[in-house]
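Only one structure is covered here, and it is reproduced in the block below.
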Amino acid sequence: MLRDPPEDRSLDALLSFGVVNLDKPPGPSAHQVTGWVRDMADLDRAAHSGTLDPKVTGCLPILLGDATRMAQVFLEGSKEYVSVLELHGPAPADIESTVAEFEAKLYQKPPHKSAVSRRLRVREIYDLDLLEVKDRQALLRIRCESGTYIRKLCHDIGLALGTGGHMGHLRRTATDPFDDTTLVDSHDLKDALAFAEDGDESWIRDVVSPAERALTHLPSVTIADNAAREVANGAPVYAPGVLAVDDDASRGDLVACYTENGSAVCLGELTGDADADSGTVVSLESVLV
């Protein structure tokens, strides 16, 4: 069954296909925090946007209910962090120019405690700003490719500076398409749910967004309702069912498909020409209806 437009959904529909831009506190793991949110909202499942170590704080979007099917979207965008680099000696005079050299594609190997295989891989640092230096601490703002290890980056910068160094406090300030301007904490969510039980839904609708909010950084494809019903049964998106494709979408891109009312239908790879008379335009990766 196709969903109502995002702005017209009931509270139950919102919670079963929603997203919370949570401000993760220090202490619990991302998995633990996600479990708390799942239990508070009385849902069968929830999923977070990417692991944060227990001590790390900040932006942790959590997908609720059926929205967990779209967890892969957080691998597509960039992440932003603010980190304290703890130097093991006085900051050298060339610290700014040395830090700037790390704004590039870097080789990284996951640490021993990582959940992924420890093979060498490339991750890109899109922007790296030295915000402040005080005594033996340097404050860095880092915008980087998903999967970048900030702890390893800080270690490598310390070596390049000749002082040695390690990561101190770390806070994630953005994970596409969310940032720290719309963060809510677990207390906000709990209170909003309590008000909703008493009949006041205004707060929960500020705290929980329709799951489509997590797709806004992806190119979009609009499809007809009859095509969406076929997708719900496992069919790819064929050319006759395509109504519009973002101008900036290219073959091979991960795209989000919507009905005309703005309801998400699926994620898939753009594989064909929407202007063709026949053939597959989007091959399915995740069905969202």
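Quick note on naming: the chains in the structure tokens go A, B, ... in the order shown, residues restart at 1 in each chain, and ligands are numbered from 1 in order of appearance.
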Name all residues at most 7 Å from Arg141 (chain A) (count only C-alpha atoms; drop same-chain ones fewer than 4 positions away) and give them as a list of chain:residue names. A:Tyr81, A:Val82, A:Ser83, A:Leu128, A:Asp129, A:Leu130, A:Leu131
List the neighbours of region 266-274 of chain A out to 9 Å using only C-alpha atoms; skip same-chain residues closer than 6 positions along the sequence, and give me the result as an MDAnalysis selection string. chainID A and resid 70 73 228 231:232 236:245 249:258 280:289
Fewer than 5 positions away in the same chain doesn't count, so skip those; otherwise give me all residues within 8 Å of Gly164 (chain A), counting only C-alpha atoms, as a ChimeraX atom specification. /A:87-89,155,157-159
Report the residues of region 117-210 of chain A whose backbone DSSP state falls under alpha helix (DSSP H), written as a CSV table (one decimal) with N, CA and C atoms, in the first residue's frame.
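Wrote result.csv, looks like this:
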```csv
chain,number,residue,atom,x,y,z
A,150,ILE,N,38.6,9.5,12.2
A,150,ILE,CA,39.2,10.7,12.7
A,150,ILE,C,40.3,10.4,13.7
A,151,ARG,N,40.2,9.4,14.5
A,151,ARG,CA,41.3,9.0,15.4
A,151,ARG,C,42.6,8.8,14.6
A,152,LYS,N,42.5,8.1,13.5
A,152,LYS,CA,43.7,7.8,12.7
A,152,LYS,C,44.2,9.1,12.0
A,153,LEU,N,43.3,10.0,11.6
A,153,LEU,CA,43.7,11.3,11.0
A,153,LEU,C,44.5,12.1,12.1
A,154,CYS,N,44.0,12.2,13.3
A,154,CYS,CA,44.7,13.0,14.3
A,154,CYS,C,46.1,12.4,14.6
A,155,HIS,N,46.2,11.1,14.6
A,155,HIS,CA,47.5,10.4,14.9
A,155,HIS,C,48.4,10.8,13.8
A,156,ASP,N,48.0,10.7,12.5
A,156,ASP,CA,48.9,11.0,11.4
A,156,ASP,C,49.3,12.5,11.3
A,157,ILE,N,48.4,13.4,11.7
A,157,ILE,CA,48.7,14.8,11.7
A,157,ILE,C,49.8,15.0,12.8
A,158,GLY,N,49.6,14.4,14.0
A,158,GLY,CA,50.6,14.5,15.0
A,158,GLY,C,52.0,14.1,14.6
A,159,LEU,N,52.1,13.0,13.8
A,159,LEU,CA,53.4,12.5,13.3
A,159,LEU,C,53.9,13.5,12.3
A,160,ALA,N,53.1,14.1,11.4
A,160,ALA,CA,53.6,15.0,10.5
A,160,ALA,C,54.1,16.3,11.1
A,161,LEU,N,53.5,16.7,12.3
A,161,LEU,CA,53.9,17.9,13.0
A,161,LEU,C,55.2,17.6,13.7
A,186,SER,N,17.5,12.7,23.8
A,186,SER,CA,16.5,11.7,24.1
A,186,SER,C,15.4,12.2,25.1
A,187,HIS,N,15.7,13.2,25.9
A,187,HIS,CA,14.7,13.7,26.8
A,187,HIS,C,13.6,14.5,26.0
A,188,ASP,N,14.0,15.2,24.9
A,188,ASP,CA,13.1,15.8,24.1
A,188,ASP,C,12.1,14.7,23.5
A,189,LEU,N,12.7,13.6,23.0
A,189,LEU,CA,11.9,12.6,22.4
A,189,LEU,C,10.9,12.0,23.4
A,190,LYS,N,11.4,11.7,24.6
A,190,LYS,CA,10.6,11.1,25.6
A,190,LYS,C,9.5,12.0,26.0
A,191,ASP,N,9.7,13.3,26.2
A,191,ASP,CA,8.7,14.2,26.6
A,191,ASP,C,7.7,14.4,25.5
A,192,ALA,N,8.2,14.4,24.2
A,192,ALA,CA,7.3,14.6,23.1
A,192,ALA,C,6.3,13.4,22.9
A,193,LEU,N,6.8,12.2,23.2
A,193,LEU,CA,6.0,11.0,23.1
A,193,LEU,C,4.9,11.1,24.2
A,194,ALA,N,5.3,11.6,25.4
A,194,ALA,CA,4.4,11.6,26.5
A,194,ALA,C,3.3,12.6,26.2
A,195,PHE,N,3.6,13.8,25.6
A,195,PHE,CA,2.6,14.8,25.2
A,195,PHE,C,1.7,14.2,24.2
A,196,ALA,N,2.3,13.4,23.2
A,196,ALA,CA,1.4,12.9,22.2
A,196,ALA,C,0.4,11.9,22.7
A,197,GLU,N,0.8,11.1,23.7
A,197,GLU,CA,-0.1,10.2,24.4
A,197,GLU,C,-1.3,10.9,25.0
A,202,SER,N,1.9,18.2,18.6
A,202,SER,CA,2.7,19.2,17.9
A,202,SER,C,4.2,19.0,18.2
A,203,TRP,N,4.6,18.6,19.4
A,203,TRP,CA,6.0,18.5,19.8
A,203,TRP,C,6.6,17.3,19.1
A,204,ILE,N,5.9,16.2,19.0
A,204,ILE,CA,6.5,15.0,18.4
A,204,ILE,C,6.7,15.2,16.9
A,205,ARG,N,5.9,16.0,16.3
A,205,ARG,CA,6.0,16.3,14.9
A,205,ARG,C,7.2,17.2,14.6
A,206,ASP,N,7.6,17.9,15.6
A,206,ASP,CA,8.9,18.7,15.5
A,206,ASP,C,10.1,17.8,15.7
A,207,VAL,N,10.0,16.8,16.6
A,207,VAL,CA,11.1,16.0,17.0
A,207,VAL,C,11.3,14.9,15.9
```
Ser78 (chain A): which residues within 9 Å, counting only C-alpha atoms, same-chain residues fewer than 6 positions away excluded, as a PDB file with N, CA and C atoms, in the first residue's frame?
```pdb
ATOM      1  N   TYR A 126      37.480  16.473   2.599  1.00  0.00           N
ATOM      2  CA  TYR A 126      37.030  17.538   1.704  1.00  0.00           C
ATOM      3  C   TYR A 126      37.454  18.915   2.214  1.00  0.00           C
ATOM      4  N   ARG A 143      35.461  18.052   7.380  1.00  0.00           N
ATOM      5  CA  ARG A 143      34.388  17.511   6.548  1.00  0.00           C
ATOM      6  C   ARG A 143      34.996  16.450   5.654  1.00  0.00           C
ATOM      7  N   CYS A 144      34.441  15.252   5.707  1.00  0.00           N
ATOM      8  CA  CYS A 144      35.138  14.117   5.100  1.00  0.00           C
ATOM      9  C   CYS A 144      34.164  13.097   4.529  1.00  0.00           C
ATOM     10  N   GLU A 145      34.742  12.171   3.801  1.00  0.00           N
ATOM     11  CA  GLU A 145      33.977  11.061   3.238  1.00  0.00           C
ATOM     12  C   GLU A 145      33.516  10.129   4.352  1.00  0.00           C
ATOM     13  N   SER A 146      32.336   9.558   4.164  1.00  0.00           N
ATOM     14  CA  SER A 146      31.833   8.582   5.128  1.00  0.00           C
ATOM     15  C   SER A 146      32.838   7.445   5.282  1.00  0.00           C
ATOM     16  N   ALA A 174      27.644  17.008  11.614  1.00  0.00           N
ATOM     17  CA  ALA A 174      26.769  16.806  10.458  1.00  0.00           C
ATOM     18  C   ALA A 174      26.993  15.425   9.863  1.00  0.00           C
ATOM     19  N   THR A 175      25.915  14.860   9.365  1.00  0.00           N
ATOM     20  CA  THR A 175      25.975  13.668   8.523  1.00  0.00           C
ATOM     21  C   THR A 175      24.880  13.849   7.488  1.00  0.00           C
ATOM     22  N   ASP A 176      25.261  14.017   6.247  1.00  0.00           N
ATOM     23  CA  ASP A 176      24.308  14.378   5.189  1.00  0.00           C
ATOM     24  C   ASP A 176      23.063  13.502   5.231  1.00  0.00           C
ATOM     25  N   PRO A 177      21.883  14.131   5.169  1.00  0.00           N
ATOM     26  CA  PRO A 177      21.610  15.557   4.974  1.00  0.00           C
ATOM     27  C   PRO A 177      21.296  16.305   6.274  1.00  0.00           C
TER      28      PRO A 177
END
```
To test your reading of the structure, identify every residue in region 1-222 of chain A that backbone DSSP assigns to strand (DSSP E or B), and report it as a ChimeraX atom specification. /A:17-24,46-48,57-65,78-87,105-108,121-134,137-145,165-175,178-179,184,208-210,220-222
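Between Ala30 (chain A) and the candidates A:Leu60, A:Ala46, A:Met1, A:Ala235, the tightest atom-to-atom separation, counting only C-alpha atoms, involves A:Leu60.
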Calculated over only C-alpha atoms, which of the candidates A:Asp180, A:Glu230, A:Glu201, A:Asp42 has the smallest distance to Gly65 (chain A)? A:Asp42
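Proximity ranking of A:Asp66, A:Asp39, A:Glu7, A:Asp225 relative to Ser209 (chain A) places A:Glu7 first, based on only C-alpha atoms.
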